[in-house]
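Colleague: Take a look at target-v5.cif, mmCIF, C-alpha atoms and all ligand atoms:
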```
data_query
loop_
_atom_site.group_PDB
_atom_site.id
_atom_site.type_symbol
_atom_site.label_atom_id
_atom_site.label_comp_id
_atom_site.auth_asym_id
_atom_site.auth_seq_id
_atom_site.Cartn_x
_atom_site.Cartn_y
_atom_site.Cartn_z
ATOM 1 C CA MET A 1 89.146 84.372 106.879
ATOM 2 C CA ALA A 2 92.362 85.789 108.269
ATOM 3 C CA VAL A 3 92.273 87.278 111.752
ATOM 4 C CA SER A 4 93.224 90.955 111.464
ATOM 5 C CA VAL A 5 95.307 93.034 113.851
ATOM 6 C CA LEU A 6 95.988 96.782 113.782
ATOM 7 C CA MET A 7 98.937 98.027 115.861
ATOM 8 C CA VAL A 8 98.565 101.639 117.010
ATOM 9 C CA CYS A 9 100.904 104.267 118.470
ATOM 10 C CA LEU A 10 100.990 108.065 118.277
ATOM 11 C CA GLY A 11 102.866 108.793 115.051
ATOM 12 C CA ASN A 12 103.019 105.381 113.300
ATOM 13 C CA ILE A 13 106.706 105.864 112.551
ATOM 14 C CA CYS A 14 108.521 104.429 115.604
ATOM 15 C CA ARG A 15 106.703 101.804 117.695
ATOM 16 C CA SER A 16 103.694 100.467 115.788
ATOM 17 C CA PRO A 17 105.679 99.790 112.577
ATOM 18 C CA LEU A 18 107.959 97.574 114.694
ATOM 19 C CA ALA A 19 105.010 95.837 116.360
ATOM 20 C CA GLU A 20 103.459 95.265 112.920
ATOM 21 C CA ALA A 21 106.672 93.760 111.532
ATOM 22 C CA ALA A 22 107.300 91.600 114.606
ATOM 23 C CA LEU A 23 103.770 90.167 114.674
ATOM 24 C CA ARG A 24 103.850 89.439 110.943
ATOM 25 C CA GLN A 25 107.157 87.612 111.366
ATOM 26 C CA HIS A 26 105.911 85.507 114.292
ATOM 27 C CA ALA A 27 102.670 84.724 112.456
ATOM 28 C CA GLU A 28 104.601 83.581 109.391
ATOM 29 C CA ALA A 29 106.885 81.442 111.536
ATOM 30 C CA ARG A 30 103.801 79.685 112.944
ATOM 31 C CA GLY A 31 102.042 79.438 109.601
ATOM 32 C CA LEU A 32 99.189 81.641 110.854
ATOM 33 C CA ASP A 33 96.874 83.450 108.474
ATOM 34 C CA LEU A 34 97.017 86.907 110.091
ATOM 35 C CA PHE A 35 96.452 90.264 108.410
ATOM 36 C CA VAL A 36 98.602 92.832 110.207
ATOM 37 C CA ASP A 37 98.721 96.604 109.743
ATOM 38 C CA SER A 38 99.631 99.656 111.824
ATOM 39 C CA ALA A 39 98.413 103.235 112.180
ATOM 40 C CA GLY A 40 98.900 106.336 114.309
ATOM 41 C CA MET A 41 96.552 108.509 116.356
ATOM 42 C CA GLY A 42 98.073 111.655 114.801
ATOM 43 C CA ASP A 43 98.486 112.737 111.191
ATOM 44 C CA TRP A 44 101.901 114.427 111.385
ATOM 45 C CA HIS A 45 103.774 111.683 109.560
ATOM 46 C CA VAL A 46 101.148 110.332 107.172
ATOM 47 C CA GLY A 47 102.787 108.883 104.064
ATOM 48 C CA GLU A 48 106.268 108.694 105.615
ATOM 49 C CA ARG A 49 108.472 105.636 105.959
ATOM 50 C CA PRO A 50 109.238 104.421 109.488
ATOM 51 C CA ASP A 51 111.766 106.497 111.435
ATOM 52 C CA PRO A 52 115.316 105.571 110.306
ATOM 53 C CA ARG A 53 116.066 104.360 113.830
ATOM 54 C CA SER A 54 113.128 101.942 113.662
ATOM 55 C CA GLN A 55 114.253 100.784 110.221
ATOM 56 C CA ASP A 56 117.706 100.213 111.685
ATOM 57 C CA VAL A 57 116.617 98.234 114.747
ATOM 58 C CA ALA A 58 114.198 96.072 112.733
ATOM 59 C CA LYS A 59 117.078 95.152 110.443
ATOM 60 C CA ARG A 60 119.720 94.758 113.137
ATOM 61 C CA LEU A 61 117.760 92.811 115.777
ATOM 62 C CA GLY A 62 114.882 91.355 113.764
ATOM 63 C CA ASN A 63 116.436 90.897 110.332
ATOM 64 C CA ILE A 64 113.330 92.577 108.853
ATOM 65 C CA ASP A 65 113.223 95.284 106.197
ATOM 66 C CA ILE A 66 110.411 97.714 107.081
ATOM 67 C CA ARG A 67 111.264 100.441 104.549
ATOM 68 C CA GLN A 68 108.165 99.704 102.498
ATOM 69 C CA GLN A 69 105.807 100.633 105.343
ATOM 70 C CA ARG A 70 104.045 104.018 105.162
ATOM 71 C CA ALA A 71 102.488 105.881 108.071
ATOM 72 C CA ARG A 72 98.738 106.375 108.157
ATOM 73 C CA GLN A 73 96.216 107.645 110.682
ATOM 74 C CA VAL A 74 93.639 105.481 112.476
ATOM 75 C CA LEU A 75 90.253 105.663 110.715
ATOM 76 C CA VAL A 76 86.775 105.073 112.156
ATOM 77 C CA HIS A 77 86.459 102.395 109.479
ATOM 78 C CA ASP A 78 89.310 100.456 111.150
ATOM 79 C CA PHE A 79 87.006 99.661 114.098
ATOM 80 C CA HIS A 80 84.683 97.791 111.738
ATOM 81 C CA GLN A 81 87.483 96.238 109.709
ATOM 82 C CA PHE A 82 89.908 94.828 112.301
ATOM 83 C CA ASP A 83 89.334 92.035 114.829
ATOM 84 C CA HIS A 84 91.942 93.490 117.199
ATOM 85 C CA ILE A 85 93.227 97.033 117.607
ATOM 86 C CA ILE A 86 96.247 96.990 119.873
ATOM 87 C CA ALA A 87 97.676 100.127 121.454
ATOM 88 C CA MET A 88 101.291 100.733 122.439
ATOM 89 C CA GLU A 89 100.400 102.899 125.446
ATOM 90 C CA ARG A 90 97.482 103.874 127.650
ATOM 91 C CA SER A 91 97.024 107.323 126.115
ATOM 92 C CA ASN A 92 96.558 105.682 122.693
ATOM 93 C CA LEU A 93 94.043 103.250 124.177
ATOM 94 C CA ARG A 94 92.078 106.096 125.790
ATOM 95 C CA GLU A 95 91.868 107.952 122.486
ATOM 96 C CA LEU A 96 90.891 104.779 120.647
ATOM 97 C CA ARG A 97 88.073 104.129 123.127
ATOM 98 C CA ALA A 98 86.863 107.709 122.640
ATOM 99 C CA MET A 99 86.673 107.339 118.858
ATOM 100 C CA MET A 100 85.211 103.800 118.802
ATOM 101 C CA PRO A 101 81.930 103.870 116.830
ATOM 102 C CA ASP A 102 78.747 101.989 117.768
ATOM 103 C CA GLY A 103 78.677 98.501 116.327
ATOM 104 C CA ALA A 104 82.466 98.216 116.097
ATOM 105 C CA LYS A 105 83.805 94.697 115.930
ATOM 106 C CA ALA A 106 87.359 95.448 117.049
ATOM 107 C CA GLU A 107 88.555 94.323 120.464
ATOM 108 C CA LEU A 108 90.814 96.947 121.988
ATOM 109 C CA SER A 109 93.807 96.124 124.157
ATOM 110 C CA LEU A 110 97.283 97.219 125.169
ATOM 111 C CA LEU A 111 100.091 95.256 123.545
ATOM 112 C CA LEU A 112 101.854 94.499 126.824
ATOM 113 C CA GLU A 113 98.639 93.222 128.457
ATOM 114 C CA HIS A 114 99.190 90.137 126.357
ATOM 115 C CA MET A 115 102.526 89.429 128.027
ATOM 116 C CA PRO A 116 102.266 88.052 131.562
ATOM 117 C CA GLY A 117 104.418 89.563 134.284
ATOM 118 C CA VAL A 118 105.017 92.978 132.774
ATOM 119 C CA GLU A 119 104.733 95.793 135.314
ATOM 120 C CA ASP A 120 104.608 98.885 133.110
ATOM 121 C CA LEU A 121 102.112 98.221 130.326
ATOM 122 C CA ASN A 122 103.244 101.204 128.241
ATOM 123 C CA VAL A 123 105.669 100.824 125.348
ATOM 124 C CA LEU A 124 107.132 104.285 125.858
ATOM 125 C CA ASP A 125 107.667 106.680 122.978
ATOM 126 C CA PRO A 126 111.324 106.496 121.849
ATOM 127 C CA TYR A 127 111.023 109.463 119.433
ATOM 128 C CA TYR A 128 113.186 111.783 121.542
ATOM 129 C CA GLY A 129 115.313 108.892 122.798
ATOM 130 C CA THR A 130 118.485 107.041 121.899
ATOM 131 C CA THR A 131 119.382 103.907 119.946
ATOM 132 C CA ALA A 132 119.172 102.011 123.249
ATOM 133 C CA ASP A 133 115.563 103.162 123.618
ATOM 134 C CA PHE A 134 114.738 101.837 120.143
ATOM 135 C CA ASP A 135 116.477 98.548 120.981
ATOM 136 C CA HIS A 136 114.357 98.316 124.144
ATOM 137 C CA VAL A 137 111.163 98.985 122.154
ATOM 138 C CA TRP A 138 112.082 96.280 119.662
ATOM 139 C CA ARG A 139 112.727 93.702 122.388
ATOM 140 C CA LEU A 140 109.441 94.502 124.111
ATOM 141 C CA VAL A 141 107.255 94.486 121.006
ATOM 142 C CA ASP A 142 108.974 91.402 119.590
ATOM 143 C CA ALA A 143 108.469 89.427 122.823
ATOM 144 C CA ALA A 144 104.839 90.566 123.075
ATOM 145 C CA ALA A 145 104.196 89.784 119.406
ATOM 146 C CA GLU A 146 105.489 86.258 119.943
ATOM 147 C CA VAL A 147 103.045 85.710 122.826
ATOM 148 C CA LEU A 148 100.244 87.287 120.813
ATOM 149 C CA ALA A 149 100.925 85.063 117.800
ATOM 150 C CA GLY A 150 100.673 82.072 120.152
ATOM 151 C CA LYS A 151 97.314 83.329 121.474
ATOM 152 C CA LEU A 152 95.865 84.064 118.045
ATOM 153 C CA GLY A 153 97.012 80.708 116.713
HETATM 154 P P1 LIG A 201 105.556 106.700 117.556
HETATM 155 O O1 LIG A 201 106.581 107.870 117.939
HETATM 156 O O2 LIG A 201 104.232 107.091 118.174
HETATM 157 O O3 LIG A 201 106.141 105.503 118.211
HETATM 158 O O4 LIG A 201 105.520 106.647 116.058
HETATM 159 C C1 LIG A 201 106.312 109.211 117.670
HETATM 160 C C2 LIG A 201 106.690 109.739 116.465
HETATM 161 C C3 LIG A 201 106.441 111.071 116.188
HETATM 162 C C4 LIG A 201 105.795 111.852 117.119
HETATM 163 C C5 LIG A 201 105.406 111.312 118.319
HETATM 164 C C6 LIG A 201 105.652 109.982 118.597
HETATM 165 N N1 LIG A 201 105.548 113.226 116.834
HETATM 166 O O5 LIG A 201 105.057 113.917 117.729
HETATM 167 O O6 LIG A 201 105.838 113.685 115.732
#
```
Would it be possible to restate this file's structure as structure tokens?
Ligand code: 4NP
Modeller:
Amino acid sequence: MAVSVLMVCLGNICRSPLAEAALRQHAEARGLDLFVDSAGMGDWHVGERPDPRSQDVAKRLGNIDIRQQRARQVLVHDFHQFDHIIAMERSNLRELRAMMPDGAKAELSLLLEHMPGVEDLNVLDPYYGTTADFDHVWRLVDAAAEVLAGKLG
């Protein structure tokens, strides 16, 4: 059965959609059978497409079309469904730990923990930032997703 990975940020419109797309692309490149999804801690953007700036950077730097993604909120069920739930920043991880039900199978981690040598383990929220901030997020999540795909393979 495919290994499953859920990428999580706050709104599921900026960072985790990019992490989802990057991991799926690296998994495909390696011929890995991975099921990848993303979700947000909050419900403000449920049903929305990724932020236009995330759509733009995925296209420009990753050559990936992420328009078809739709934001959703993390569910308790996800902890039973996914092998790995991977948070973009520590505050997400704290909230995930707080909502983790008994008997959950998911292993929780921070995305950047998977990449050796990174000092700040948070992929910071670019929502109020610039195009350069979105470019930085893409580069970080893409590099981490490549390492992660290697680990999961
Ligand atoms: P994300 O960015 O967590 O990377 O999707 C955010 C998007 C929206 C909000 C916060 C963070 N918001 O507060 O609406």
Colleague: With distances taken over only C-alpha atoms and all ligand atoms, which residue among A:Pro50, A:Gly62, A:Pro101, A:Gly31 lies nearest ligand LIG 201 (chain A)?
Modeller: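 The closest residue to ligand LIG 201 (chain A) is A:Pro50.
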Colleague: Evaluated on this file, the PyMOL selection byres (((not hetatm)) within 6 of (chain A and resi 201)) picks out some residues - which ones are they, written as a list of chain:residue names?
Modeller: A:Cys9, A:Leu10, A:Gly11, A:Asn12, A:Ile13, A:Cys14, A:Arg15, A:Trp44, A:Asp125, A:Tyr127
Colleague: First collect every listed atom of range 76-90 of chain A; then fit an axis-aligned box around them, widen it by 6 Å on each side, and give centre and edge lengths in Å to one decimal, as AutoDock Vina command-line options.
Modeller:
```
--center_x 93.0 --center_y 98.6 --center_z 118.6 --size_x 28.6 --size_y 25.0 --size_z 30.2
```
Colleague: Take the PyMOL selection byres (((chain A and resi 41) around 10) and not hetatm), run it mentally on this structure, and tell me the resulting residues as a PyMOL selection string.
Modeller: chain A and resi 8-12+39-40+42-44+72-75+87+91-93+95-96
Colleague: Could you write out the selected residues, including C-alpha atoms, as a PDB file, in the frame of the given file?
Modeller:
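Ended up saving to result_38.pdb:
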```
ATOM      1  CA  VAL A   8      98.565 101.639 117.010  1.00  0.00           C
ATOM      2  CA  CYS A   9     100.904 104.267 118.470  1.00  0.00           C
ATOM      3  CA  LEU A  10     100.990 108.065 118.277  1.00  0.00           C
ATOM      4  CA  GLY A  11     102.866 108.793 115.051  1.00  0.00           C
ATOM      5  CA  ASN A  12     103.019 105.381 113.300  1.00  0.00           C
ATOM      6  CA  ALA A  39      98.413 103.235 112.180  1.00  0.00           C
ATOM      7  CA  GLY A  40      98.900 106.336 114.309  1.00  0.00           C
ATOM      8  CA  GLY A  42      98.073 111.655 114.801  1.00  0.00           C
ATOM      9  CA  ASP A  43      98.486 112.737 111.191  1.00  0.00           C
ATOM     10  CA  TRP A  44     101.901 114.427 111.385  1.00  0.00           C
ATOM     11  CA  ARG A  72      98.738 106.375 108.157  1.00  0.00           C
ATOM     12  CA  GLN A  73      96.216 107.645 110.682  1.00  0.00           C
ATOM     13  CA  VAL A  74      93.639 105.481 112.476  1.00  0.00           C
ATOM     14  CA  LEU A  75      90.253 105.663 110.715  1.00  0.00           C
ATOM     15  CA  ALA A  87      97.676 100.127 121.454  1.00  0.00           C
ATOM     16  CA  SER A  91      97.024 107.323 126.115  1.00  0.00           C
ATOM     17  CA  ASN A  92      96.558 105.682 122.693  1.00  0.00           C
ATOM     18  CA  LEU A  93      94.043 103.250 124.177  1.00  0.00           C
ATOM     19  CA  GLU A  95      91.868 107.952 122.486  1.00  0.00           C
ATOM     20  CA  LEU A  96      90.891 104.779 120.647  1.00  0.00           C
TER      21      LEU A  96
END
```
Colleague: I'd like to know which of A:Leu18, A:Met88, A:Leu110, A:Leu148 is closest to Gln55 in chain A, using all atoms listed in the file.
Modeller: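 Counting all atoms listed in the file, the residue closest to Gln55 in chain A is A:Leu18.
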Colleague: Which one is closest to Gln25 in chain A: A:Asp142, A:Arg49, A:Met115, A:Gly153? Count only C-alpha atoms.
Modeller: A:Asp142
Colleague: Distance CA of Gly117 in chain A-CA of Pro17 in chain A, one decimal place?
Modeller: 24.0 Å
Colleague: Ranking A:His45, A:Phe79, A:Pro116, A:His84 by minimum distance to Met99 in chain A and counting all atoms listed in the file, which one comes first?
Modeller: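 The closest residue to Met99 in chain A is A:Phe79.
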